[in-house]
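Participant: Encoded as C-alpha cells, here's the structure I'll be asking about.
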Amino acid sequence: MQFTAQEISLLLNGTVEGDAFVKVDGLAKIEDGASGSLSFLSNPKYEQFLYTTNASIVIINNDQQLTGPVKATLIRVENAYSAFTILLEQYNTIKLNKKGVEEPSFIHPTAQIGADPYIGAFAYIGTNVKIGDNCKIYPNVNIGDNVTIGNNVTLFSGATVYFDCVIGNNVIVHSGAVIGSDGFGFAPNPDGTYTKIAQIGNVLIEDDVEVGANTAIDRATMGSTIIRKGVKIDNLVQIAHNVEIGAHTVIAGQAGISGSTKVGKNAVIGGQVGISGHLNIANGTQLSAQTGINSSITEEGKVWGGTPYMSYKEYLRAHSKLRRLPEIDKKVHELEKLIEELRNGNPAK
Amino acid sequence: MQFTAQEISLLLNGTVEGDAFVKVDGLAKIEDGASGSLSFLSNPKYEQFLYTTNASIVIINNDQQLTGPVKATLIRVENAYSAFTILLEQYNTIKLNKKGVEEPSFIHPTAQIGADPYIGAFAYIGTNVKIGDNCKIYPNVNIGDNVTIGNNVTLFSGATVYFDCVIGNNVIVHSGAVIGSDGFGFAPNPDGTYTKIAQIGNVLIEDDVEVGANTAIDRATMGSTIIRKGVKIDNLVQIAHNVEIGAHTVIAGQAGISGSTKVGKNAVIGGQVGISGHLNIANGTQLSAQTGINSSITEEGKVWGGTPYMSYKEYLRAHSKLRRLPEIDKKVHELEKLIEELRNGNPAK
Amino acid sequence: MQFTAQEISLLLNGTVEGDAFVKVDGLAKIEDGASGSLSFLSNPKYEQFLYTTNASIVIINNDQQLTGPVKATLIRVENAYSAFTILLEQYNTIKLNKKGVEEPSFIHPTAQIGADPYIGAFAYIGTNVKIGDNCKIYPNVNIGDNVTIGNNVTLFSGATVYFDCVIGNNVIVHSGAVIGSDGFGFAPNPDGTYTKIAQIGNVLIEDDVEVGANTAIDRATMGSTIIRKGVKIDNLVQIAHNVEIGAHTVIAGQAGISGSTKVGKNAVIGGQVGISGHLNIANGTQLSAQTGINSSITEEGKVWGGTPYMSYKEYLRAHSKLRRLPEIDKKVHELEKLIEELRNGNPAK
C-alpha cells in the first residue's frame with residue numbers, strides 16, 4: 001500500500017511543504033531512509049540527517065527551523081515523535097491484520113470463538129475454550145481445555161496456554177511463551193526423594209498485558225498466579241507459582257520471580273534480577289539489572305541494586321570501592337605494623 | 001464430578017463431623033474456599049479461617065481443637081496436609097486423564113506406541129520411536145527419530161525431544177522444553193572463525209524426572225548428557241552437553257550448568273545459579289540463588305553462596321559488610337593521617 | 001551403515017595397523033568404546049584406554065608409541081583429533097540427511113522453496129516466503145510472511161521466525177528459538193500506564209550463524225537487529241531490539257544483551273552475562289560468566305569480570321579479598337582504638 005504526503009498530512013493534522021503527491025510505502029529511521037520511505041526528526045542530535053536523508057517524506061516539529069535545502073517533502077506537526085508513533089501503530093495494524101481460519105487447525109466443537117478471528121494452521125483450541133472477538137491465534141499455538149480469552153488478544157506462533165487459565169482483553173503473548181505450566185512444588189521425603197505436589201490452580205492475566213518470547217508463567221498450586229492490568233513482561237522471564245505482579249509493572253528480560261512473591265504496582269524490574277519466594281515488593285520499586293532480592297521491600301518507590309541488595313546509591317558507592325579492596329587490605333596490614341612500632345616506643349621516622 | 005464428605009472420608013480413612021452428604025467439586029485454599037469446595041487446615045497460622053471459610057468441607061488433624069462454631073463439614077484425619085495432597089493428586093489425575101489419538105497427528109509407521117496413549121493433534125512422532133504405556137503426548141509435541149520413551153510419561157504441548165534421546169518412566173516434560181539440542185561446541189580457527197563440532201551423542205533421562213517449561217538440555221558431543229532418577233528441573237534452566245545430574249537433585253529456575261560438569265545426588269541448586277564447565281559438585285551440595293561456581297566442590301552437603309562462591313556463612317558475613325566498604329576505606333585514610341601525625345611526634349589531641 | 005577400517009583409512013589418508021576388514025557403525029569416546037565402534041586417542045591423559053578399550057577401531061597420531069598390546073585395529077593419521085572431527089561431521093551429515101515434504105504441512109502458494117528441501121509435518125511457511133536450496137525445515141517450525149532464508153539452512157522443530165526477517169546461508173536454528181519477536185518498547189504515560197511502541201523492523205542473520213534452543217532475538221523498532229557472519233549463540237540467550245552482534249562473536253548460555261547495544265567482532269561473552277542497553281563493546285572483548293556490563297568498552301581484546309565490571313585480574317584480586325572483609329573491618333576498629341590510646345599518651349604495651 002502506498003500513501004501520499006497529502007494523505008498522511010491529513011491523518012496527522014499537519015502541513016505539507018514540498019511535493020504533496022510523493023508516495024511512500026514504508027517507515028524508516030532518518031539516517032537510513034531510502035526513496036519511498038517516510039521518516040521523522042525529533043531529536044536535534046539527528047538534525048544533520050534532515051539535509052542528507054533519501055527518505056521521500058520527513059515529519060518535523062512545527063517550530064523546526066531549516067538551515068539548508070531539504071530534498072524530502074516535509075510534514076510539519078506539533079509533535080513529530082508522537083505523530084510518527086501514530087503512523088508506526090497504523091502501519092503495524094495493517095501489517096498484522098490477518099483474518100480467517102487456516103486449515104488444518106484443531107478447534108474442539110465445544111470451543112466458542114468470537115467475531116473476526118485469525119486462527120493459523122496447526123493451532124490447537126481445546127474443549128470448552130472461550131475466545132473473544134478480534135483475536136489472532138497464530139500457527140502452532142496451543143490453548144488447553146477450559147481456557148478463557150478476552151477480545152483483541154494476539155497469541156504468536158508456538159505460544160502455549162495450559163488448561164483452565166484466563167486471559168483478559170488486548171493481551172499480546174509472544175512465541176514460545178508458556179502460560180500455566182506446573183509450579184515447581186515437591187515435598188521432600190525422608191529418603192531424599194521428592195513427591196510432586198499437584199498444581200491445580202491457574203494463571204490469571206488481566207487486560208493490556210504483554211508477555212515476551214519464551215517467558216514462562218507457572219500456574220498456582222491452588223488459586224491463581226496473577227498478572228495485573230497493564231503489566232509488560234520481556235523475554236525469557238520466569239514467574240513462579242502463586243506470584244502476583246501489580247498493575248503496570250515492567251519486568252525486563254531473564255528476570256525471575258520465585259513462588260508466592262507479590263510485586264507491587266508500577267514497579268520496574270531490571271534484566272536478570274532474581275527475587276526470592278514469599279516476599280512483598282512495594283509499589284514503585286525499581287531494581288537495577290542483576291539485583292538479587294532476598295527480603296521484602298516495604299518502602300515504596302525506592303531504587304535498589306546488588307546481591308544481596310542495598311539502596312542503589314549505596315550499591316554504586318560500595319561496588320566502586322570493591323576494586324580498591326586489595327589495596328585497603330594491604331594498608332591495614334601496614335598500619336598494624338606501624339602502630340606496633342609506635343607502641344614499642346619507636347614513634348619517630 | 002462431585003463427591004460427598006462421606007466418600008472423601010472413606011478414601012482418606014477419616015471421620016466426618018457435620019453433614020456427611022454435602023458435595024464438593026473442587027479444591028481451594030481455606031482462606032479462598034467457596035461453597036462446593038474442599039479445603040484443609042494444617043498450619044496453626046491459618047486456624048482463624050476455619051471459623052470463617054465458606055468451603056463446604058475442611059480436612060483437619062485428629063487433634064485439632066475447635067474454639068468456635070464451624071459451618072463446614074469437617075473430616076478428621078491423622079495428617080491433614082498429607083490427606084489433602086492425596087486429594088490434589090487424585091484431582092489432577094482425573095483432570096489430566098486425556099486418552100485417544102487426535103487428528104491430524106503424525107505417527108511414523110515404524111513408531112511403536114504402548115497401551116492407552118493420548119496423542120494430541122499436530123504431535124509428531126518420528127521413525128523408530130518407541131513409546132511405553134499410558135503416555136500423554138500433547139498437541140504440537142515433537143519426538144525425533146529413534147527416541148525411546150518409557151511408561152506413564154507426559155510431554156506437554158510444544159515440548160521437543162531430538163532424535164536418539166532416551167526418556168525413562170514417569171517423566172514429565174513441560175511445554176517448550178527442548179531435550180537433545182546440539183551442545184555448544186566449536187573449534188576456533190586461526191582466522192577467528194569457528195568450525196562446528198558435530199554433536200552425535202544424546203540425552204538420557206532416567207525415571208521420575210520432571211523438566212520445566214522452556215528448559216534446554218543439550219545432547220552430548222559423544223555419549224550422553226545424563227539426568228539421573230528423580231531429578232526435578234524448573235523452568236528456563238540450561239543444561240549443557242555431557243553434563244550429568246545426580247539422582248534426586250533439584251535445580252531451580254534459570255540456573256545454568258556448563259559442559260561436562262557432574263553434579264552429585266541430592267543437591268539443591270538455587271535460581272539463576274551458574275556452574276562452569278568440567279567441574280564436580282559433591283553430593284548434597286546446596287547453592288543459594290545467583291551463586292557462581294568456578295571450581296569443583298569436594299565436600300559433601302555444604303551450603304555455598306556468592307560469585308565467586310564461598311561458604312554461605314562467609315558469604316552472608318562478607319556481603320553484609322559490603323555496604324560499609326566506603327566507610328572502611330575512609331577510616332583507613334584517617335588512620336593513616338593520624339599515624340603519620342603520631343610518627344611525627346604529635347601524639348597528643 | 002557399516003564401514004571397514006580400510007574404507008575409513010582411505011577417507012582419512014591414514015595407515016591401518018591390524019584387521020583392515022573389521023567393521024564399525026558408530027563413534028564413541030575411547031573410554032566408552034564398545035565392539036563395533038570407532039574411537040580416537042589424541043590427549044596423552046587418555047592413553048591408558050588405548051590398551052583397554054573395546055572399540056573396534058582407534059584413530060591415533062602417526063607418532064603415537066605403543067607401550068603394550070592393543071586389541072583394536074589402529075588407523076594412524078597426522079592429527080587424530082582432526083581426523084575424528086571429520087568423521088563426526090560425516091556421521092552427522094548422513095544422520096541428518098532428511099529429504100522430502102511431509103503431510104500435512106502448510107506452504108502458502110506464494111512461497112518459493114529451493115531444491116531438495118526437507119519440510120516436516122505441521123511446518124508453517126507463510127506468504128511470500130523465500131527459502132533457498134537444501135534447507136531442512138523440521139516439524140512445527142513457523143516461518144512468517146515475507147521471510148527470506150538462504151541455502152543449507154536448518155530450522156529444528158518448533159523454531160519460529162517472525163514475518164519480514166532475513167536469514168543467510170548455512171544457518172542453524174535450534175528448537176524453540178524465536179527470531180523476530182517484538183522489541184520491548186513502551187512509552188510511559190503520566191498516569192503510570194505504558195503505550196506500546198510498534199516494532200516494525202526485523203532481524204537480519206548473516207551466513208554461518210548458529211542460534212541455540214529457546215534463544216530469543218527481538219526485531220528492531222525500525223531497521224534491523226543484526227547478527228553478523230559466523231556468530232554462535234548458545235541456548236536461552238536474550239538479544240534485544242536493534243542490537244548488533246559483530247562477526248564471529250560467541251555468546252554462551254543465558255547471556256542477555258539489551259536494546260541498541262553493539263557488540264564487536266570476535267568477542268566471547270560468557271554464560272549469564274548481562275549487558276545494558278545503548279553500549280558499544282569493543283572487538284575481541286571477553287566477558288567471564290555472570291559479568292554485568294553497564295558502560296561501553298572501548299579497548300579491544302581485554303578480559304573483564306564482575307558486576308559492575310572491572311578487569312578480570314582486578315576482579316579476581318578484589319573478590320578473593322571479599323571474604324576477608326569482615327576481618328578487615330574488625331582490624332580497622334582495633335586500630336582505631338589503639339591509635340586513640342596512643343594519642344592519649346598511652347603508647348606502651
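Numbering starts fresh at 1 for the residues of each chain in the C-alpha cells, the chains themselves are lettered A, B, ... in the order given, and ligands are numbered from 1 as they appear.
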Fewer than 6 positions away in the same chain doesn't count, so skip those; otherwise give me all residues within 6 Å of segment 207-215 of chain A, counting only C-alpha atoms, as a ChimeraX atom specification.
Facilitator: /A:168-177,229-237
Participant: Got a sec to pull out which chain C residues are within 6 Å of chain B, counting only C-alpha atoms, and send them as a PyMOL selection string?
Facilitator: chain C and resi 88-89+248+323+325-326+343
Participant: Those residues with N, CA, C and O atoms, as a short mmCIF file (atom, residue, chain, number, x, y, z; two decimals), in the first residue's frame please?
Facilitator:
```cif
data_model
loop_
_atom_site.label_atom_id
_atom_site.label_comp_id
_atom_site.auth_asym_id
_atom_site.auth_seq_id
_atom_site.Cartn_x
_atom_site.Cartn_y
_atom_site.Cartn_z
N LEU C 88 33.09 -37.32 12.58
CA LEU C 88 31.91 -36.83 13.30
C LEU C 88 30.98 -36.08 12.35
O LEU C 88 29.76 -36.31 12.31
N GLU C 89 31.60 -35.19 11.60
CA GLU C 89 30.87 -34.35 10.66
C GLU C 89 30.14 -35.20 9.61
O GLU C 89 28.97 -35.02 9.34
N HIS C 248 31.67 -13.44 14.05
CA HIS C 248 32.45 -14.46 14.76
C HIS C 248 32.54 -14.20 16.26
O HIS C 248 33.53 -14.55 16.90
N ARG C 323 36.01 -12.21 51.11
CA ARG C 323 35.68 -12.98 52.30
C ARG C 323 36.50 -12.51 53.49
O ARG C 323 36.20 -12.86 54.62
N LEU C 325 36.71 -9.36 54.21
CA LEU C 325 36.17 -8.05 54.54
C LEU C 325 35.74 -7.93 56.01
O LEU C 325 36.06 -6.92 56.67
N PRO C 326 35.05 -8.92 56.58
CA PRO C 326 34.67 -8.79 58.00
C PRO C 326 35.91 -8.66 58.89
O PRO C 326 35.91 -7.86 59.83
N ARG C 343 47.27 8.25 71.17
CA ARG C 343 47.11 9.71 71.17
C ARG C 343 46.82 10.23 72.58
O ARG C 343 47.09 11.38 72.89
#
```
Participant: Identify, on the basis of only C-alpha atoms, every residue whose closest approach to segment 76-79 of chain A does not exceed 9 Å; exclude the query and any residue fewer than 6 positions from it along the same chain; express the result as an MDAnalysis selection string.
Facilitator: chainID A and resid 9 12:17 42 58:64
Participant: Grab the residues selected above and save them as a PDB file, in the first residue's frame with C-alpha atoms.
Facilitator:
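Final file, part.pdb:
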```pdb
ATOM      1  CA  SER A   9      -0.677  15.041   6.481  1.00  0.00           C
ATOM      2  CA  LEU A  12      -1.778  13.780  11.309  1.00  0.00           C
ATOM      3  CA  ASN A  13      -3.424  17.195  11.047  1.00  0.00           C
ATOM      4  CA  GLY A  14      -0.161  18.585   9.620  1.00  0.00           C
ATOM      5  CA  THR A  15       1.071  20.995   6.939  1.00  0.00           C
ATOM      6  CA  VAL A  16       2.863  19.818   3.785  1.00  0.00           C
ATOM      7  CA  GLU A  17       5.986  21.600   2.486  1.00  0.00           C
ATOM      8  CA  SER A  42      12.516  14.955  16.718  1.00  0.00           C
ATOM      9  CA  VAL A  58      10.079  13.618   6.774  1.00  0.00           C
ATOM     10  CA  ILE A  59       7.765  14.619   9.616  1.00  0.00           C
ATOM     11  CA  ILE A  60       9.159  17.557  11.619  1.00  0.00           C
ATOM     12  CA  ASN A  61       8.040  19.757  14.500  1.00  0.00           C
ATOM     13  CA  ASN A  62       6.183  22.959  13.651  1.00  0.00           C
ATOM     14  CA  ASP A  63       8.982  25.008  15.145  1.00  0.00           C
ATOM     15  CA  GLN A  64      11.818  23.183  13.340  1.00  0.00           C
TER      16      GLN A  64
END
```
Participant: Taking the DSSP assignment computed from this structure's backbone, write out as a PyMOL selection string all residues of segment 221-315 of chain B that belong to strand (DSSP E).
Facilitator: chain B and resi 224-227+232-233+238-239+244-245+250-251+256-257+262-263+268-269+274-275+280-281+286-287+292-293+303-305+310-311
Participant: Please report the interatomic distance between atom CA of Ile205 of chain B and atom CA of Lys136 of chain B in Å with one decimal.
Facilitator: 16.8 Å
Participant: List the spatial neighbours of Glu31 of chain C as an NGL selection string - criterion: any atom at most 10 Å away, only C-alpha atoms, same-chain residues fewer than 5 positions off excluded.
Facilitator: :C and (39-41 or 46-50 or 52-55)
Participant: Save the residues we just selected, all heavy atoms, as a compact mmCIF listing (two decimals), in the first residue's frame?
Facilitator:
```txt
# COMPACT_ATOMS: atom_id res chain seq x y z
N SER C 39 36.88 -45.11 17.73
CA SER C 39 37.24 -44.06 18.67
C SER C 39 38.56 -43.42 18.24
O SER C 39 39.09 -43.72 17.16
CB SER C 39 37.34 -44.64 20.07
OG SER C 39 37.35 -43.59 21.00
N PHE C 40 39.09 -42.51 19.07
CA PHE C 40 40.36 -41.87 18.73
C PHE C 40 41.12 -41.58 20.02
O PHE C 40 40.55 -41.53 21.11
CB PHE C 40 40.14 -40.57 17.94
CG PHE C 40 39.73 -39.41 18.79
CD1 PHE C 40 40.60 -38.36 19.08
CD2 PHE C 40 38.45 -39.35 19.34
CE1 PHE C 40 40.21 -37.29 19.88
CE2 PHE C 40 38.04 -38.28 20.13
CZ PHE C 40 38.93 -37.25 20.40
N LEU C 41 42.44 -41.44 19.88
CA LEU C 41 43.28 -41.04 21.00
C LEU C 41 44.10 -39.83 20.58
O LEU C 41 44.87 -39.91 19.62
CB LEU C 41 44.22 -42.17 21.42
CG LEU C 41 45.24 -41.76 22.50
CD1 LEU C 41 44.56 -41.43 23.82
CD2 LEU C 41 46.30 -42.84 22.70
N TYR C 46 44.57 -39.85 28.15
CA TYR C 46 43.68 -40.99 27.93
C TYR C 46 44.40 -42.21 27.38
O TYR C 46 43.76 -43.19 27.01
CB TYR C 46 42.53 -40.58 26.99
CG TYR C 46 41.58 -39.60 27.62
CD1 TYR C 46 41.82 -38.23 27.56
CD2 TYR C 46 40.45 -40.04 28.31
CE1 TYR C 46 40.95 -37.32 28.16
CE2 TYR C 46 39.58 -39.15 28.91
CZ TYR C 46 39.83 -37.79 28.83
OH TYR C 46 38.98 -36.92 29.42
N GLU C 47 45.76 -42.15 27.33
CA GLU C 47 46.50 -43.22 26.64
C GLU C 47 46.20 -44.59 27.22
O GLU C 47 46.13 -45.59 26.49
CB GLU C 47 48.02 -42.95 26.69
CG GLU C 47 48.76 -43.90 25.76
CD GLU C 47 50.28 -43.79 25.86
OE1 GLU C 47 50.78 -42.71 26.22
OE2 GLU C 47 50.95 -44.80 25.61
N GLN C 48 46.03 -44.65 28.54
CA GLN C 48 45.73 -45.94 29.19
C GLN C 48 44.58 -46.70 28.52
O GLN C 48 44.59 -47.93 28.44
CB GLN C 48 45.38 -45.68 30.67
CG GLN C 48 44.39 -44.51 30.82
CD GLN C 48 43.83 -44.36 32.23
OE1 GLN C 48 43.50 -45.33 32.88
NE2 GLN C 48 43.75 -43.11 32.67
N PHE C 49 43.56 -45.92 28.05
CA PHE C 49 42.38 -46.58 27.48
C PHE C 49 42.68 -47.25 26.14
O PHE C 49 41.93 -48.10 25.69
CB PHE C 49 41.24 -45.56 27.32
CG PHE C 49 40.76 -45.01 28.63
CD1 PHE C 49 40.96 -43.68 28.97
CD2 PHE C 49 40.10 -45.84 29.54
CE1 PHE C 49 40.51 -43.18 30.18
CE2 PHE C 49 39.66 -45.34 30.77
CZ PHE C 49 39.86 -44.01 31.09
N LEU C 50 43.78 -46.85 25.51
CA LEU C 50 44.16 -47.46 24.24
C LEU C 50 44.34 -48.97 24.40
O LEU C 50 44.04 -49.75 23.50
CB LEU C 50 45.46 -46.80 23.72
CG LEU C 50 45.99 -47.27 22.38
CD1 LEU C 50 44.96 -47.09 21.27
CD2 LEU C 50 47.27 -46.50 22.02
N THR C 52 42.89 -50.82 26.80
CA THR C 52 41.75 -51.49 27.45
C THR C 52 40.44 -51.32 26.68
O THR C 52 39.48 -52.03 26.94
CB THR C 52 41.52 -50.90 28.85
OG1 THR C 52 41.27 -49.49 28.73
CG2 THR C 52 42.74 -51.12 29.75
N THR C 53 40.39 -50.40 25.73
CA THR C 53 39.13 -50.10 25.05
C THR C 53 38.60 -51.31 24.29
O THR C 53 39.38 -52.12 23.78
CB THR C 53 39.29 -48.92 24.08
OG1 THR C 53 38.00 -48.57 23.58
CG2 THR C 53 40.21 -49.25 22.91
N ASN C 54 37.26 -51.39 24.23
CA ASN C 54 36.63 -52.42 23.40
C ASN C 54 36.26 -51.90 22.02
O ASN C 54 35.64 -52.62 21.24
CB ASN C 54 35.38 -52.95 24.11
CG ASN C 54 35.76 -53.75 25.34
OD1 ASN C 54 36.70 -54.55 25.31
ND2 ASN C 54 35.05 -53.52 26.44
N ALA C 55 36.58 -50.64 21.74
CA ALA C 55 36.32 -50.09 20.41
C ALA C 55 37.02 -50.97 19.37
O ALA C 55 38.10 -51.50 19.62
CB ALA C 55 36.81 -48.66 20.32
```
Participant: Hey, what's within 9 Å of Val243 of chain B if we count only C-alpha atoms and toss same-chain stuff fewer than 6 positions away? As a VMD selection string, please?
Facilitator: chain B and resid 218 220 224 to 227 257 to 263 277 to 278
Participant: Selected residues, all heavy atoms, written as an mmCIF file, in the first residue's frame, please.
Facilitator:
```cif
data_model
loop_
_atom_site.group_PDB
_atom_site.id
_atom_site.type_symbol
_atom_site.label_atom_id
_atom_site.label_comp_id
_atom_site.auth_asym_id
_atom_site.auth_seq_id
_atom_site.Cartn_x
_atom_site.Cartn_y
_atom_site.Cartn_z
ATOM 1 N N ASP B 218 21.046 -29.994 26.392
ATOM 2 C CA ASP B 218 21.774 -30.317 25.158
ATOM 3 C C ASP B 218 22.222 -31.775 25.113
ATOM 4 O O ASP B 218 22.589 -32.356 26.142
ATOM 5 C CB ASP B 218 23.021 -29.429 25.043
ATOM 6 C CG ASP B 218 22.710 -28.046 24.499
ATOM 7 O OD1 ASP B 218 21.589 -27.802 24.023
ATOM 8 O OD2 ASP B 218 23.621 -27.194 24.556
ATOM 9 N N ALA B 220 24.927 -34.771 24.232
ATOM 10 C CA ALA B 220 26.369 -34.888 24.406
ATOM 11 C C ALA B 220 27.078 -34.826 23.061
ATOM 12 O O ALA B 220 26.504 -35.178 22.023
ATOM 13 C CB ALA B 220 26.699 -36.194 25.105
ATOM 14 N N SER B 224 26.415 -39.527 26.462
ATOM 15 C CA SER B 224 25.111 -38.996 26.876
ATOM 16 C C SER B 224 25.232 -37.867 27.885
ATOM 17 O O SER B 224 26.067 -37.920 28.778
ATOM 18 C CB SER B 224 24.266 -40.105 27.529
ATOM 19 O OG SER B 224 23.993 -41.148 26.623
ATOM 20 N N THR B 225 24.405 -36.865 27.731
ATOM 21 C CA THR B 225 24.071 -35.959 28.831
ATOM 22 C C THR B 225 23.067 -36.730 29.679
ATOM 23 O O THR B 225 22.089 -37.246 29.143
ATOM 24 C CB THR B 225 23.421 -34.676 28.280
ATOM 25 O OG1 THR B 225 24.335 -34.084 27.356
ATOM 26 C CG2 THR B 225 23.080 -33.710 29.394
ATOM 27 N N ILE B 226 23.312 -36.815 30.993
ATOM 28 C CA ILE B 226 22.519 -37.738 31.815
ATOM 29 C C ILE B 226 21.801 -37.013 32.947
ATOM 30 O O ILE B 226 22.413 -36.285 33.724
ATOM 31 C CB ILE B 226 23.419 -38.841 32.415
ATOM 32 C CG1 ILE B 226 24.132 -39.607 31.293
ATOM 33 C CG2 ILE B 226 22.594 -39.803 33.273
ATOM 34 C CD1 ILE B 226 25.137 -40.631 31.777
ATOM 35 N N ILE B 227 20.507 -37.237 33.030
ATOM 36 C CA ILE B 227 19.696 -36.718 34.130
ATOM 37 C C ILE B 227 19.231 -37.948 34.912
ATOM 38 O O ILE B 227 18.407 -38.717 34.440
ATOM 39 C CB ILE B 227 18.479 -35.926 33.600
ATOM 40 C CG1 ILE B 227 18.876 -34.928 32.502
ATOM 41 C CG2 ILE B 227 17.747 -35.249 34.751
ATOM 42 C CD1 ILE B 227 19.781 -33.819 32.940
ATOM 43 N N ILE B 257 24.120 -24.880 33.855
ATOM 44 C CA ILE B 257 25.219 -25.793 34.174
ATOM 45 C C ILE B 257 25.995 -26.043 32.888
ATOM 46 O O ILE B 257 25.446 -26.539 31.905
ATOM 47 C CB ILE B 257 24.666 -27.089 34.773
ATOM 48 C CG1 ILE B 257 23.886 -26.722 36.049
ATOM 49 C CG2 ILE B 257 25.779 -28.080 35.073
ATOM 50 C CD1 ILE B 257 23.171 -27.854 36.689
ATOM 51 N N SER B 258 27.278 -25.686 32.916
ATOM 52 C CA SER B 258 28.084 -25.716 31.690
ATOM 53 C C SER B 258 28.604 -27.126 31.391
ATOM 54 O O SER B 258 28.548 -28.016 32.232
ATOM 55 C CB SER B 258 29.243 -24.743 31.826
ATOM 56 O OG SER B 258 28.768 -23.452 32.117
ATOM 57 N N GLY B 259 29.168 -27.245 30.206
ATOM 58 C CA GLY B 259 29.509 -28.528 29.623
ATOM 59 C C GLY B 259 30.378 -29.434 30.482
ATOM 60 O O GLY B 259 31.340 -28.996 31.107
ATOM 61 N N SER B 260 30.040 -30.717 30.516
ATOM 62 C CA SER B 260 30.830 -31.789 31.140
ATOM 63 C C SER B 260 30.886 -31.714 32.652
ATOM 64 O O SER B 260 31.614 -32.499 33.276
ATOM 65 C CB SER B 260 32.258 -31.824 30.581
ATOM 66 O OG SER B 260 32.226 -32.041 29.191
ATOM 67 N N THR B 261 30.150 -30.808 33.270
ATOM 68 C CA THR B 261 30.113 -30.768 34.736
ATOM 69 C C THR B 261 29.250 -31.900 35.279
ATOM 70 O O THR B 261 28.232 -32.250 34.695
ATOM 71 C CB THR B 261 29.619 -29.383 35.203
ATOM 72 O OG1 THR B 261 30.697 -28.469 35.073
ATOM 73 C CG2 THR B 261 29.143 -29.394 36.658
ATOM 74 N N LYS B 262 29.721 -32.468 36.396
ATOM 75 C CA LYS B 262 28.950 -33.531 37.048
ATOM 76 C C LYS B 262 28.458 -33.032 38.395
ATOM 77 O O LYS B 262 29.246 -32.690 39.273
ATOM 78 C CB LYS B 262 29.814 -34.781 37.247
ATOM 79 C CG LYS B 262 30.399 -35.301 35.946
ATOM 80 C CD LYS B 262 30.457 -36.785 35.824
ATOM 81 C CE LYS B 262 30.943 -37.174 34.409
ATOM 82 N NZ LYS B 262 30.400 -36.346 33.289
ATOM 83 N N VAL B 263 27.156 -32.974 38.552
ATOM 84 C CA VAL B 263 26.549 -32.566 39.815
ATOM 85 C C VAL B 263 26.149 -33.838 40.553
ATOM 86 O O VAL B 263 25.554 -34.737 39.954
ATOM 87 C CB VAL B 263 25.318 -31.670 39.566
ATOM 88 C CG1 VAL B 263 24.606 -31.343 40.872
ATOM 89 C CG2 VAL B 263 25.712 -30.400 38.833
ATOM 90 N N GLY B 277 32.124 -25.124 33.419
ATOM 91 C CA GLY B 277 32.251 -26.438 32.815
ATOM 92 C C GLY B 277 33.320 -27.308 33.459
ATOM 93 O O GLY B 277 34.189 -26.831 34.182
ATOM 94 N N HIS B 278 33.229 -28.614 33.241
ATOM 95 C CA HIS B 278 34.258 -29.588 33.629
ATOM 96 C C HIS B 278 34.503 -29.616 35.137
ATOM 97 O O HIS B 278 35.624 -29.838 35.580
ATOM 98 C CB HIS B 278 35.571 -29.298 32.892
ATOM 99 C CG HIS B 278 35.418 -29.423 31.410
ATOM 100 N ND1 HIS B 278 35.528 -30.611 30.745
ATOM 101 C CD2 HIS B 278 35.114 -28.503 30.456
ATOM 102 C CE1 HIS B 278 35.318 -30.423 29.449
ATOM 103 N NE2 HIS B 278 35.061 -29.153 29.242
#
```
Participant: Got a sec: who's within 9 Å of Gly301 of chain A, counting only C-alpha atoms, leaving out chain neighbours fewer than 4 positions off, as a PDB file with N, CA and C atoms, in the first residue's frame?
Facilitator:
```
ATOM      1  N   ASN A 266       3.335  -0.554  39.341  1.00  0.00           N
ATOM      2  CA  ASN A 266       4.251   0.478  38.823  1.00  0.00           C
ATOM      3  C   ASN A 266       5.707   0.242  39.215  1.00  0.00           C
ATOM      4  N   ALA A 267       6.073  -1.009  39.420  1.00  0.00           N
ATOM      5  CA  ALA A 267       7.471  -1.342  39.699  1.00  0.00           C
ATOM      6  C   ALA A 267       8.213  -1.516  38.368  1.00  0.00           C
ATOM      7  N   ALA A 282       7.359  -3.518  47.383  1.00  0.00           N
ATOM      8  CA  ALA A 282       6.468  -2.356  47.444  1.00  0.00           C
ATOM      9  C   ALA A 282       6.195  -1.750  46.065  1.00  0.00           C
ATOM     10  N   ASN A 283       5.088  -1.042  45.967  1.00  0.00           N
ATOM     11  CA  ASN A 283       4.736  -0.319  44.739  1.00  0.00           C
ATOM     12  C   ASN A 283       5.871   0.594  44.308  1.00  0.00           C
ATOM     13  N   GLY A 284       6.076   0.692  43.027  1.00  0.00           N
ATOM     14  CA  GLY A 284       7.020   1.663  42.506  1.00  0.00           C
ATOM     15  C   GLY A 284       8.480   1.319  42.733  1.00  0.00           C
ATOM     16  N   THR A 285       8.749   0.128  43.256  1.00  0.00           N
ATOM     17  CA  THR A 285      10.142  -0.293  43.471  1.00  0.00           C
ATOM     18  C   THR A 285      10.861  -0.398  42.128  1.00  0.00           C
ATOM     19  N   GLN A 286      12.125   0.061  42.094  1.00  0.00           N
ATOM     20  CA  GLN A 286      12.940  -0.109  40.895  1.00  0.00           C
ATOM     21  C   GLN A 286      14.176  -0.922  41.248  1.00  0.00           C
TER      22      GLN A 286
END
```
Participant: Looking at only C-alpha atoms, which of A:Ile269, A:Thr298, A:Tyr51, A:Ser56 is the one that sits closest to Pro69 of chain A?
Facilitator: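 Comparing A:Ile269, A:Thr298, A:Tyr51, A:Ser56 against Pro69 of chain A, the winner is A:Tyr51.
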Participant: Which is closest to Asn97 of chain A among A:Thr154, A:Lys71, A:Leu279, A:Asn128, if we use only C-alpha atoms?
Facilitator: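 Ranked by minimum distance to Asn97 of chain A, first place goes to A:Thr154.
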